[in-house]
file work02.cif (mmCIF, C-alpha atoms)
data_structure
#
loop_
_atom_site.label_atom_id
_atom_site.label_comp_id
_atom_site.auth_asym_id
_atom_site.auth_seq_id
_atom_site.Cartn_x
_atom_site.Cartn_y
_atom_site.Cartn_z
CA MET A 229 26.48 28.35 34.93
CA ALA A 230 22.69 28.18 35.00
CA SER A 231 21.05 27.75 38.42
CA THR A 232 18.72 24.88 39.21
CA GLU A 233 15.78 27.26 39.04
CA GLU A 234 16.86 28.62 35.65
CA ILE A 235 17.14 25.11 34.22
CA ARG A 236 13.73 24.14 35.66
CA SER A 237 12.16 27.26 34.24
CA ASN A 238 13.64 26.75 30.76
CA LEU A 239 12.67 23.08 30.84
CA ALA A 240 9.13 24.07 31.84
CA GLU A 241 8.89 26.24 28.75
CA ILE A 242 9.99 23.32 26.57
CA VAL A 243 7.44 20.98 28.20
CA ASN A 244 4.79 23.65 27.72
CA GLU A 245 5.58 24.08 24.04
CA ILE A 246 5.69 20.35 23.24
CA ALA A 247 3.00 18.91 25.49
CA GLY A 248 0.89 21.97 26.33
CA ILE A 249 1.43 21.60 30.10
CA PRO A 250 1.15 24.93 32.03
CA VAL A 251 4.67 26.06 32.99
CA GLU A 252 3.72 26.46 36.67
CA ASP A 253 2.87 22.73 36.84
CA VAL A 254 6.40 21.69 35.81
CA GLN A 255 7.93 21.46 39.31
CA LEU A 256 10.92 19.39 40.47
CA ASP A 257 8.84 16.76 42.28
CA LYS A 258 6.48 16.10 39.34
CA SER A 259 6.66 12.85 37.36
CA PHE A 260 6.60 13.40 33.60
CA THR A 261 4.29 10.49 32.91
CA ASP A 262 2.16 10.21 36.06
CA ASP A 263 1.68 13.89 36.99
CA LEU A 264 2.20 15.78 33.75
CA ASP A 265 0.84 13.19 31.30
CA VAL A 266 3.86 13.53 28.99
CA ASP A 267 3.90 10.31 26.93
CA SER A 268 7.10 8.52 25.88
CA LEU A 269 7.20 10.09 22.41
CA SER A 270 6.64 13.62 23.73
CA MET A 271 9.39 12.86 26.26
CA VAL A 272 11.77 12.17 23.35
CA GLU A 273 10.80 15.54 21.83
CA VAL A 274 11.40 17.25 25.19
CA VAL A 275 14.82 15.58 25.47
CA VAL A 276 15.87 16.66 21.96
CA ALA A 277 14.74 20.25 22.61
CA ALA A 278 16.56 20.22 25.98
CA GLU A 279 19.77 18.99 24.31
CA GLU A 280 19.68 22.02 22.02
CA LYS A 281 18.66 24.49 24.71
CA PHE A 282 21.22 23.39 27.29
CA ASP A 283 23.94 22.18 24.90
CA VAL A 284 24.16 18.72 26.49
CA LYS A 285 23.82 15.13 25.24
CA ILE A 286 21.04 13.00 26.75
CA PRO A 287 21.48 9.43 25.42
CA ASP A 288 18.45 7.19 24.76
CA ASP A 289 19.54 4.86 27.57
CA GLU A 290 19.40 7.74 30.01
CA VAL A 291 15.91 8.94 29.09
CA LYS A 292 14.15 6.17 31.00
CA ASN A 293 15.91 7.26 34.21
CA LEU A 294 14.51 10.78 33.95
CA LYS A 295 11.26 10.06 35.74
CA THR A 296 10.72 13.43 37.39
CA VAL A 297 11.41 17.01 36.40
CA GLY A 298 14.02 17.02 39.19
CA ASP A 299 15.78 14.00 37.62
CA ALA A 300 16.03 15.84 34.32
CA VAL A 301 17.22 19.09 35.89
CA ALA A 302 19.87 17.21 37.91
CA PHE A 303 21.06 15.35 34.79
CA ILE A 304 21.35 18.60 32.84
CA GLU A 305 23.26 20.25 35.71
CA ARG A 306 25.71 17.32 35.88
CA ALA A 307 26.13 17.26 32.10
CA GLN A 308 26.82 20.99 31.98
CA ASN A 309 29.35 20.76 34.81
CA GLY A 310 30.98 17.64 33.33
CA MET B 77 43.80 0.90 -29.09
CA SER B 78 40.23 -0.38 -29.05
CA THR B 79 37.79 1.48 -26.83
CA ILE B 80 34.54 0.52 -25.18
CA THR B 81 31.43 2.37 -26.30
CA PRO B 82 29.79 3.77 -23.16
CA SER B 83 26.05 3.82 -22.59
CA THR B 84 24.22 7.08 -23.07
CA GLY B 85 20.94 7.84 -21.42
CA ALA B 86 18.33 10.54 -21.14
CA GLU B 87 19.36 13.96 -19.90
CA TYR B 88 16.51 14.02 -17.41
CA ALA B 89 14.22 11.43 -15.87
CA GLY B 90 10.98 11.61 -13.96
CA ILE B 91 8.09 9.58 -12.63
CA LEU B 92 5.68 9.11 -15.54
CA GLY B 93 3.00 7.08 -13.79
CA ILE B 94 2.16 5.87 -10.32
CA GLY B 95 -0.16 3.17 -9.02
CA SER B 96 -1.07 1.25 -5.89
CA TYR B 97 -2.92 -1.74 -4.49
CA ARG B 98 -4.72 -1.75 -1.14
CA PRO B 99 -5.73 -5.10 0.33
CA ARG B 100 -9.48 -5.64 0.62
CA ARG B 101 -9.68 -6.37 4.32
CA VAL B 102 -9.92 -3.39 6.69
CA VAL B 103 -8.65 -4.20 10.18
CA PRO B 104 -9.89 -1.74 12.82
CA ASN B 105 -8.04 -1.11 16.09
CA SER B 106 -10.75 -3.14 17.86
CA GLU B 107 -9.48 -6.30 16.12
CA ILE B 108 -5.87 -5.57 17.13
CA LEU B 109 -7.05 -5.12 20.73
CA GLU B 110 -8.23 -8.74 20.88
CA HIS B 111 -4.57 -9.76 21.27
CA ILE B 112 -2.91 -6.90 23.18
CA ASP B 113 -3.59 -5.02 26.41
CA SER B 114 -4.04 -1.50 25.05
CA SER B 115 -6.80 0.84 23.93
CA ASP B 116 -8.07 2.52 20.78
CA GLU B 117 -7.23 5.88 22.35
CA TRP B 118 -3.65 4.78 23.17
CA ILE B 119 -3.06 3.48 19.62
CA GLN B 120 -4.46 6.63 18.03
CA THR B 121 -2.52 9.07 20.23
CA ARG B 122 0.77 7.14 19.83
CA SER B 123 0.52 6.49 16.09
CA GLY B 124 -2.48 8.20 14.47
CA ILE B 125 -3.64 4.82 13.15
CA LYS B 126 -7.42 4.22 13.11
CA GLU B 127 -7.40 1.18 10.85
CA ARG B 128 -5.09 -0.67 8.49
CA ARG B 129 -5.37 -3.17 5.62
CA TRP B 130 -4.18 -6.75 5.93
CA ALA B 131 -3.86 -8.97 2.89
CA ASP B 132 -5.97 -12.10 2.43
CA ASP B 133 -4.28 -15.33 1.32
CA ASP B 134 -4.78 -14.57 -2.38
CA GLU B 135 -3.37 -11.05 -2.03
CA THR B 136 0.21 -12.21 -2.33
CA VAL B 137 3.30 -10.07 -2.79
CA LEU B 138 3.11 -10.99 -6.50
CA MET B 139 -0.61 -10.24 -6.89
CA MET B 140 -0.45 -6.88 -5.09
CA SER B 141 2.68 -5.86 -7.03
CA VAL B 142 1.20 -6.74 -10.41
CA ASN B 143 -1.98 -4.80 -9.66
CA ALA B 144 -0.04 -1.72 -8.55
CA ALA B 145 2.30 -1.99 -11.54
CA LYS B 146 -0.55 -2.28 -14.05
CA ASP B 147 -2.17 0.75 -12.43
CA ALA B 148 1.11 2.70 -12.83
CA LEU B 149 1.54 1.53 -16.44
CA THR B 150 -1.96 2.72 -17.33
CA ASP B 151 -1.27 6.02 -15.59
CA SER B 152 1.95 6.47 -17.60
CA GLY B 153 0.63 5.32 -20.97
CA ILE B 154 3.91 3.42 -21.50
CA ASP B 155 3.97 0.14 -23.43
CA PRO B 156 5.08 -2.52 -20.90
CA ALA B 157 7.36 -4.07 -23.52
CA GLU B 158 9.51 -0.95 -23.25
CA ILE B 159 10.26 -1.54 -19.55
CA GLY B 160 13.96 -2.35 -19.36
CA CYS B 161 14.25 -3.01 -15.65
CA VAL B 162 12.01 -4.02 -12.74
CA ILE B 163 13.15 -3.16 -9.20
CA VAL B 164 11.13 -4.53 -6.30
CA ALA B 165 11.73 -3.16 -2.81
CA THR B 166 10.39 -5.57 -0.19
CA VAL B 167 11.32 -7.37 3.01
CA THR B 168 8.31 -9.69 2.98
CA HIS B 169 8.84 -11.85 -0.12
CA LEU B 170 9.68 -14.82 2.04
CA TYR B 171 12.03 -16.63 -0.33
CA GLN B 172 15.76 -16.01 -0.53
CA THR B 173 15.67 -16.80 -4.25
CA PRO B 174 14.56 -16.22 -6.93
CA ALA B 175 13.64 -12.55 -6.70
CA ILE B 176 9.92 -11.84 -7.04
CA ALA B 177 10.82 -9.15 -9.61
CA THR B 178 11.25 -11.69 -12.44
CA ARG B 179 7.70 -13.04 -12.08
CA ILE B 180 6.29 -9.52 -11.83
CA ALA B 181 8.13 -8.64 -15.06
CA VAL B 182 6.43 -11.54 -16.84
CA GLU B 183 2.98 -10.74 -15.46
CA VAL B 184 3.11 -7.06 -16.45
CA GLY B 185 4.30 -7.76 -19.99
CA ALA B 186 8.02 -7.04 -19.71
CA PRO B 187 9.21 -10.67 -19.74
CA THR B 188 12.86 -10.02 -20.61
CA ALA B 189 13.47 -6.91 -18.49
CA ALA B 190 16.34 -6.94 -16.02
CA ALA B 191 14.67 -7.73 -12.69
CA PHE B 192 15.80 -7.88 -9.09
CA ASP B 193 14.68 -7.24 -5.50
CA ILE B 194 16.26 -4.84 -3.03
CA SER B 195 16.16 -4.92 0.76
CA ALA B 196 15.99 -1.36 2.04
CA ALA B 197 13.03 -1.69 4.40
CA CYS B 198 10.90 1.46 4.69
CA ALA B 199 13.37 3.41 2.51
CA GLY B 200 12.86 0.87 -0.29
CA PHE B 201 10.66 2.96 -2.57
CA CYS B 202 13.00 5.97 -2.44
CA TYR B 203 16.00 3.67 -3.00
CA GLY B 204 14.20 2.17 -6.01
CA VAL B 205 13.32 5.57 -7.48
CA ALA B 206 16.92 6.76 -7.01
CA MET B 207 18.27 3.72 -8.84
CA ALA B 208 15.62 3.98 -11.56
CA ASN B 209 16.54 7.63 -12.12
CA ASP B 210 20.21 6.70 -12.54
CA LEU B 211 19.46 3.72 -14.80
CA VAL B 212 17.40 5.90 -17.15
CA ARG B 213 19.90 8.74 -17.14
CA GLY B 214 22.82 6.32 -17.44
CA GLY B 215 21.26 4.56 -20.42
CA SER B 216 20.89 1.09 -18.87
CA ALA B 217 17.10 1.13 -19.31
CA LYS B 218 14.66 3.35 -21.17
CA TYR B 219 11.88 2.82 -18.64
CA VAL B 220 12.09 1.33 -15.15
CA LEU B 221 9.28 -0.11 -13.05
CA ALA B 222 10.02 0.54 -9.36
CA ILE B 223 7.77 -1.23 -6.85
CA GLY B 224 7.43 -1.10 -3.07
CA VAL B 225 5.41 -4.00 -1.67
CA GLU B 226 4.90 -5.57 1.76
CA ARG B 227 2.84 -8.16 3.60
CA LEU B 228 4.11 -7.08 7.01
CA SER B 229 1.15 -8.79 8.69
CA ASP B 230 2.96 -12.09 8.01
CA LEU B 231 5.85 -11.00 10.25
CA THR B 232 3.83 -9.13 12.87
CA ASP B 233 3.71 -10.47 16.40
CA ARG B 234 -0.01 -10.03 17.17
CA THR B 235 0.75 -10.10 20.90
CA ASP B 236 3.49 -7.43 20.89
CA ARG B 237 1.74 -4.31 22.15
CA SER B 238 4.47 -2.03 20.81
CA THR B 239 4.23 -3.15 17.15
CA ALA B 240 1.02 -5.17 16.58
CA PHE B 241 -1.01 -2.08 15.67
CA ILE B 242 1.58 -0.52 13.35
CA PHE B 243 2.38 -2.86 10.48
CA ALA B 244 0.20 -3.40 7.43
CA ASP B 245 0.12 -4.59 3.83
CA GLY B 246 -0.05 -3.08 0.34
CA ALA B 247 1.84 -2.22 -2.83
CA GLY B 248 2.81 0.88 -4.79
CA ALA B 249 4.57 1.28 -8.12
CA ALA B 250 6.13 3.98 -10.26
CA ILE B 251 7.20 4.09 -13.91
CA VAL B 252 10.41 6.10 -14.29
CA GLY B 253 11.48 7.26 -17.75
CA PRO B 254 12.95 10.10 -19.80
CA THR B 255 11.47 13.59 -19.40
CA ASP B 256 12.01 17.03 -20.95
CA GLU B 257 12.54 18.66 -17.55
CA PRO B 258 14.12 17.16 -14.40
CA GLY B 259 11.40 15.16 -12.60
CA ILE B 260 13.50 13.61 -9.83
CA GLY B 261 15.95 15.58 -7.69
CA PRO B 262 19.31 14.26 -6.46
CA VAL B 263 18.88 11.60 -3.78
CA VAL B 264 20.20 12.19 -0.27
CA TRP B 265 20.66 8.73 1.11
CA GLY B 266 22.69 6.68 3.51
CA SER B 267 22.68 4.20 6.35
CA ASP B 268 23.62 3.81 10.00
CA GLY B 269 24.46 0.21 10.80
CA THR B 270 25.39 1.09 14.38
CA GLN B 271 21.62 1.16 15.00
CA HIS B 272 20.88 -2.10 13.17
CA GLN B 273 19.22 -3.54 16.27
CA VAL B 274 16.50 -0.91 16.82
CA ILE B 275 14.23 -2.30 14.08
CA SER B 276 14.89 -5.89 13.13
CA GLN B 277 13.68 -9.41 12.51
CA LYS B 278 13.81 -11.01 15.95
CA GLU B 279 14.58 -14.60 14.97
CA SER B 280 16.61 -15.83 12.00
CA TRP B 281 14.86 -18.23 9.61
CA GLN B 282 17.00 -21.01 11.03
CA GLU B 283 15.83 -20.27 14.55
CA ALA B 284 12.22 -20.18 13.36
CA ALA B 285 12.53 -23.44 11.43
CA GLY B 286 10.55 -26.20 13.04
CA SER B 287 8.55 -23.82 15.18
CA TYR B 288 4.94 -23.06 14.38
CA ASN B 289 5.65 -19.35 14.31
CA TRP B 290 7.37 -17.32 11.64
CA PRO B 291 10.01 -14.78 12.60
CA HIS B 292 8.67 -11.50 13.93
CA LEU B 293 9.67 -7.88 13.54
CA GLN B 294 10.64 -5.97 16.65
CA MET B 295 11.21 -2.29 17.16
CA ASP B 296 12.64 -0.14 19.95
CA GLY B 297 10.20 2.75 19.56
CA ASN B 298 11.84 5.68 21.34
CA PRO B 299 15.27 5.64 19.65
CA VAL B 300 13.53 5.10 16.30
CA PHE B 301 11.20 8.03 16.98
CA ARG B 302 14.15 10.23 17.89
CA TRP B 303 16.14 9.31 14.80
CA ALA B 304 13.20 9.50 12.41
CA SER B 305 11.75 12.75 13.73
CA PHE B 306 14.94 14.78 14.06
CA ALA B 307 17.85 13.27 12.10
CA MET B 308 15.52 12.55 9.18
CA ALA B 309 14.14 16.09 9.14
CA LYS B 310 17.71 17.20 8.44
CA THR B 311 18.00 14.66 5.60
CA ALA B 312 14.71 15.91 4.15
CA GLN B 313 16.01 19.48 4.29
CA GLN B 314 19.19 18.40 2.47
CA ALA B 315 17.08 16.84 -0.29
CA LEU B 316 15.34 20.19 -0.76
CA ASP B 317 18.65 22.04 -0.76
CA VAL B 318 20.38 19.83 -3.34
CA ALA B 319 17.32 20.01 -5.61
CA GLY B 320 17.34 23.81 -5.34
CA VAL B 321 13.75 23.80 -4.10
CA LYS B 322 12.59 25.98 -1.21
CA ALA B 323 9.99 24.78 1.30
CA GLU B 324 7.56 27.44 0.09
CA GLN B 325 7.79 26.05 -3.46
CA LEU B 326 6.68 22.58 -2.35
CA ASP B 327 3.13 21.36 -2.86
CA LEU B 328 3.34 18.08 -0.98
CA PHE B 329 5.31 16.45 1.81
CA VAL B 330 5.10 12.67 1.64
CA PRO B 331 7.26 11.04 4.32
CA HIS B 332 7.21 7.27 4.80
CA GLN B 333 4.00 6.61 6.72
CA ALA B 334 5.66 5.27 9.86
CA ASN B 335 3.75 7.06 12.57
CA MET B 336 1.66 10.25 12.56
CA ARG B 337 3.74 11.60 15.45
CA ILE B 338 6.93 11.27 13.35
CA THR B 339 5.22 13.03 10.44
CA ASP B 340 4.12 15.87 12.74
CA ALA B 341 7.57 16.23 14.33
CA MET B 342 9.28 16.28 10.92
CA ARG B 343 6.82 18.83 9.57
CA LYS B 344 7.53 21.04 12.57
CA ALA B 345 11.32 20.64 12.31
CA LEU B 346 11.21 21.43 8.57
CA LYS B 347 9.04 24.51 9.24
CA LEU B 348 6.87 23.68 6.24
CA PRO B 349 4.47 26.46 5.23
CA GLU B 350 0.74 25.89 5.77
CA HIS B 351 -0.01 25.42 2.07
CA VAL B 352 2.19 22.29 1.83
CA LYS B 353 -0.16 19.31 2.01
CA VAL B 354 1.12 16.55 4.26
CA ALA B 355 0.46 12.85 3.60
CA ARG B 356 -1.56 11.24 6.38
CA ASP B 357 -2.44 7.93 4.77
CA ILE B 358 -1.23 6.10 7.89
CA GLU B 359 -4.57 6.89 9.56
CA ARG B 360 -6.39 4.42 7.28
CA GLN B 361 -3.55 2.30 5.95
CA GLY B 362 -1.09 1.70 8.81
CA ASN B 363 2.66 1.40 8.17
CA THR B 364 3.26 -0.49 4.92
CA SER B 365 7.04 0.05 4.83
CA ALA B 366 8.31 0.22 1.22
CA ALA B 367 4.76 0.65 -0.13
CA SER B 368 3.71 3.59 2.02
CA ILE B 369 4.92 6.53 -0.10
CA PRO B 370 3.32 5.52 -3.42
CA LEU B 371 0.17 4.47 -1.53
CA ALA B 372 0.05 7.91 0.10
CA ILE B 373 0.63 9.75 -3.19
CA THR B 374 -2.15 7.86 -4.96
CA ALA B 375 -4.48 8.51 -2.00
CA MET B 376 -3.70 12.24 -2.21
CA ARG B 377 -4.37 12.24 -5.95
CA GLU B 378 -7.69 10.45 -5.45
CA ALA B 379 -8.66 12.92 -2.73
CA GLY B 380 -7.84 15.86 -5.01
CA GLU B 381 -4.99 16.98 -2.70
CA ALA B 382 -2.29 16.23 -5.28
CA SER B 383 -2.24 17.11 -8.96
CA SER B 384 -0.02 16.30 -11.90
CA GLY B 385 3.02 18.57 -11.87
CA ASP B 386 3.03 19.13 -8.11
CA LEU B 387 6.42 19.21 -6.41
CA ALA B 388 6.65 16.64 -3.62
CA LEU B 389 9.34 15.98 -1.04
CA ILE B 390 9.51 12.24 -0.35
CA ILE B 391 11.60 10.53 2.32
CA GLY B 392 11.87 6.88 3.31
CA PHE B 393 13.58 5.69 6.49
CA GLY B 394 13.66 2.44 8.40
CA ALA B 395 15.36 -0.78 9.46
CA GLY B 396 19.09 -0.82 8.81
CA LEU B 397 18.98 1.93 9.60
CA VAL B 398 18.62 3.21 6.03
CA TYR B 399 17.21 6.37 4.53
CA ALA B 400 16.70 8.18 1.21
CA ALA B 401 15.00 11.43 0.26
CA GLN B 402 14.37 13.30 -2.96
CA VAL B 403 12.16 15.94 -4.52
CA ILE B 404 9.91 14.58 -7.28
CA ARG B 405 7.31 15.93 -9.63
CA VAL B 406 3.99 14.11 -9.26
CA PRO B 407 2.88 12.47 -12.55
#

call {"tool": "encode", "arguments": {"input": "work02.cif", "output": "structure tokens"}}
result
Amino acid sequence: MASTEEIRSNLAEIVNEIAGIPVEDVQLDKSFTDDLDVDSLSMVEVVVAAEEKFDVKIPDDEVKNLKTVGDAVAFIERAQNG
Amino acid sequence: MSTITPSTGAEYAGILGIGSYRPRRVVPNSEILEHIDSSDEWIQTRSGIKERRWADDDETVLMMSVNAAKDALTDSGIDPAEIGCVIVATVTHLYQTPAIATRIAVEVGAPTAAAFDISAACAGFCYGVAMANDLVRGGSAKYVLAIGVERLSDLTDRTDRSTAFIFADGAGAAIVGPTDEPGIGPVVWGSDGTQHQVISQKESWQEAAGSYNWPHLQMDGNPVFRWASFAMAKTAQQALDVAGVKAEQLDLFVPHQANMRITDAMRKALKLPEHVKVARDIERQGNTSAASIPLAITAMREAGEASSGDLALIIGFGAGLVYAAQVIRVP
């Protein structure tokens, strides 16, 4: 099972590839929209890439709850364990 | 025992001519911003749209369709009297009956052609071309006029900041007929009614009756973006596969002009080579639903980006949800 840090690091690479944000900026306490300037459409692209990378399902209804990088990492951890 | 003589059609069909009509009035983002709290920068980064065309009162669904159809007829060199069927894809001919197709048939010089409208939203043009292909190959019509036409501005809520900047007006038309070589690949099409609510008319006509306002279109952007960008890229790939065409053999990629971000995401997911020219008519034309693909193809021809004989991958997708994709040869 991937550690929290591994998930964060892989997610940071996805955010970097889609939105061009430096990987070191993608930390657990950062808000996707307010801190990282990831808009709602890029967020959808991040979610789809994360589903493939982590082999989880992230429903549309859930996306709006993933406000910070930490929210997303925690969701992926729960989904992988579930 | 007596038997029924079956119809026999052409071995192959293709698009013989294509035409379009763009409304006169250019509506810049600044005009949209008079009614919504947004910015030119926000609209452009979320959609790629710089301006769109909205029809004036005299630029009716009929008028725009007839102009596009005459343009396509001239392009094809076909005698209009030989048109056996007129298919009109639209969601903005605001009468339940009769179909607008019958009047278009009269105006273009095919007064006795079979004529009907179809409701397949932004997939309408691809649905029409698929049916036209089968009608020609099945022997039900020698030539078919397939039209995509919309006046979406009539159903646009000018105060809805999530859709007011997107929708626009225009018409496109194609003449489909017999060809020596296959000109239209097998269609990959379908629907997903479980997502009927993500793009829809908000009020029924009955609910709108008596109110000053007409019904409006509404759209839940993020689920639509997800479906269009990723599920539809797979559909587009299937259309290539069933046609036996590889991405590197394509000249053009002409997706429904829904949103530049969807086009970019699809292009990336399809891993299209650099030489494949991608339709970006949405920048100047907005989202014209069923009309967007023929409008984009004619724009690419006028700009010298598309030539006769080019192989193009076209895909329409929208409210329903419905979708259709095929490989075509540009006339």

call {"tool": "resolve_selection", "arguments": {"input": "work02.cif", "expression": "the PyMOL selection byres ((chain B and resi 308) around 12)", "output": "PyMOL selection string"}}
result
chain B and resi 199+264-268+300-307+309-315+331-332+338-339+341-343+345-346+390-394+397-401

call {"tool": "resolve_selection", "arguments": {"input": "work02.cif", "expression": "the PyMOL selection byres ((chain B and resi 321) around 12)", "output": "PyMOL selection string"}}
result
chain B and resi 260-262+312-320+322-327+387-389+402-405

call {"tool": "atom_distance", "arguments": {"input": "work02.cif", "atom1": "CA of Met336 in chain B", "atom2": "CA of Arg356 in chain B"}}
result
7.0 Å

call {"tool": "closest_residue", "arguments": {"input": "work02.cif", "among": "B:Ser216, B:Gly286, B:Ser229, B:Ser368", "to": "Ile108 in chain B", "atoms": "all atoms listed in the file"}}
result
B:Ser229

call {"tool": "resolve_selection", "arguments": {"input": "work02.cif", "expression": "the PyMOL selection byres ((chain B and resi 107) around 12)", "output": "ChimeraX atom specification"}}
result
/B:101-106,108-116,126-130,234-235,240-241

call {"tool": "closest_residue", "arguments": {"input": "work02.cif", "among": "A:Asn309, A:Ala302, A:Ala240, A:Lys292", "to": "Asp267 in chain A", "atoms": "all atoms listed in the file"}}
result
A:Lys292

call {"tool": "interface_residues", "arguments": {"input": "work02.cif", "of": "chain A", "to": "chain B", "cutoff": "12 Å", "atoms": "only C-alpha atoms", "output": "list in words"}}
result
Ile246, Val266, Asp267, Ser268, Leu269, Ser270, Met271, Val272, Glu273, Val274, Val275, Val276, Ala277, Glu280, Ile286, Pro287, Asp288, Asp289, Glu290, Val291 and Lys292 of chain A

call {"tool": "atom_distance", "arguments": {"input": "work02.cif", "atom1": "CA of Phe329 in chain B", "atom2": "CA of Arg227 in chain B"}}
result
24.8 Å

call {"tool": "closest_residue", "arguments": {"input": "work02.cif", "among": "A:Ala278, A:Ala230, A:Leu264, A:Ala307", "to": "Ile242 in chain A", "atoms": "only C-alpha atoms"}}
result
A:Ala278

call {"tool": "closest_residue", "arguments": {"input": "work02.cif", "among": "A:Leu294, A:Arg306, A:Ser231, A:Leu239", "to": "Thr261 in chain A", "atoms": "only C-alpha atoms"}}
result
A:Leu294

call {"tool": "residues_around", "arguments": {"input": "work02.cif", "residues": "Leu149 in chain B", "least_positions_apart": "6", "cutoff": "8 Å", "atoms": "all atoms listed in the file", "output": "NGL selection string"}}
result
:B and (93-95 or 155-156 or 251)

call {"tool": "axis_aligned_box", "arguments": {"input": "work02.cif", "around": "range 258-277 of chain A", "padding_each_side": "3 Å", "output": "AutoDock Vina command-line options"}}
result
--center_x 8.4 --center_y 14.4 --center_z 30.6 --size_x 21.0 --size_y 17.7 --size_z 23.5

call {"tool": "residues_around", "arguments": {"input": "work02.cif", "residues": "Ala217 in chain B", "least_positions_apart": "5", "cutoff": "7 Å", "atoms": "all atoms listed in the file", "output": "number ranges by chain"}}
result
B: 160-161, 211-212

call {"tool": "closest_residue", "arguments": {"input": "work02.cif", "among": "A:Ile304, A:Asp265, A:Lys285, A:Asp257", "to": "Asn244 in chain A", "atoms": "all atoms listed in the file"}}
result
A:Asp265

call {"tool": "decode", "arguments": {"input": "work02.cif", "residues": "range 256-268 of chain A", "atoms": "N, CA and C atoms", "output": "mmCIF file, in the first residue's frame"}}
result
data_model
loop_
_atom_site.group_PDB
_atom_site.id
_atom_site.type_symbol
_atom_site.label_atom_id
_atom_site.label_comp_id
_atom_site.auth_asym_id
_atom_site.auth_seq_id
_atom_site.Cartn_x
_atom_site.Cartn_y
_atom_site.Cartn_z
ATOM 1 N N LEU A 256 0.460 19.116 1.166
ATOM 2 C CA LEU A 256 -0.838 18.695 1.711
ATOM 3 C C LEU A 256 -1.755 19.855 2.120
ATOM 4 N N ASP A 257 -1.176 20.951 2.603
ATOM 5 C CA ASP A 257 -2.011 22.048 3.106
ATOM 6 C C ASP A 257 -2.436 23.019 2.004
ATOM 7 N N LYS A 258 -2.006 22.790 0.770
ATOM 8 C CA LYS A 258 -2.294 23.750 -0.309
ATOM 9 C C LYS A 258 -3.683 23.518 -0.922
ATOM 10 N N SER A 259 -4.394 24.615 -1.148
ATOM 11 C CA SER A 259 -5.691 24.560 -1.826
ATOM 12 C C SER A 259 -5.444 24.537 -3.337
ATOM 13 N N PHE A 260 -6.152 23.648 -4.022
ATOM 14 C CA PHE A 260 -5.961 23.553 -5.480
ATOM 15 C C PHE A 260 -6.280 24.877 -6.166
ATOM 16 N N THR A 261 -7.419 25.468 -5.803
ATOM 17 C CA THR A 261 -7.823 26.680 -6.521
ATOM 18 C C THR A 261 -7.129 27.925 -5.981
ATOM 19 N N ASP A 262 -7.095 28.098 -4.648
ATOM 20 C CA ASP A 262 -6.587 29.350 -4.094
ATOM 21 C C ASP A 262 -5.059 29.445 -4.115
ATOM 22 N N ASP A 263 -4.377 28.342 -3.787
ATOM 23 C CA ASP A 263 -2.906 28.391 -3.700
ATOM 24 C C ASP A 263 -2.224 27.990 -5.010
ATOM 25 N N LEU A 264 -2.778 26.977 -5.667
ATOM 26 C CA LEU A 264 -2.081 26.414 -6.836
ATOM 27 C C LEU A 264 -2.651 26.902 -8.165
ATOM 28 N N ASP A 265 -3.792 27.624 -8.092
ATOM 29 C CA ASP A 265 -4.385 28.188 -9.304
ATOM 30 C C ASP A 265 -4.769 27.100 -10.325
ATOM 31 N N VAL A 266 -5.244 25.962 -9.805
ATOM 32 C CA VAL A 266 -5.744 24.893 -10.673
ATOM 33 C C VAL A 266 -7.240 25.163 -10.886
ATOM 34 N N ASP A 267 -7.655 25.463 -12.122
ATOM 35 C CA ASP A 267 -9.075 25.788 -12.313
ATOM 36 C C ASP A 267 -9.918 24.504 -12.360
ATOM 37 N N SER A 268 -11.246 24.684 -12.394
ATOM 38 C CA SER A 268 -12.142 23.533 -12.221
ATOM 39 C C SER A 268 -11.956 22.500 -13.337
#
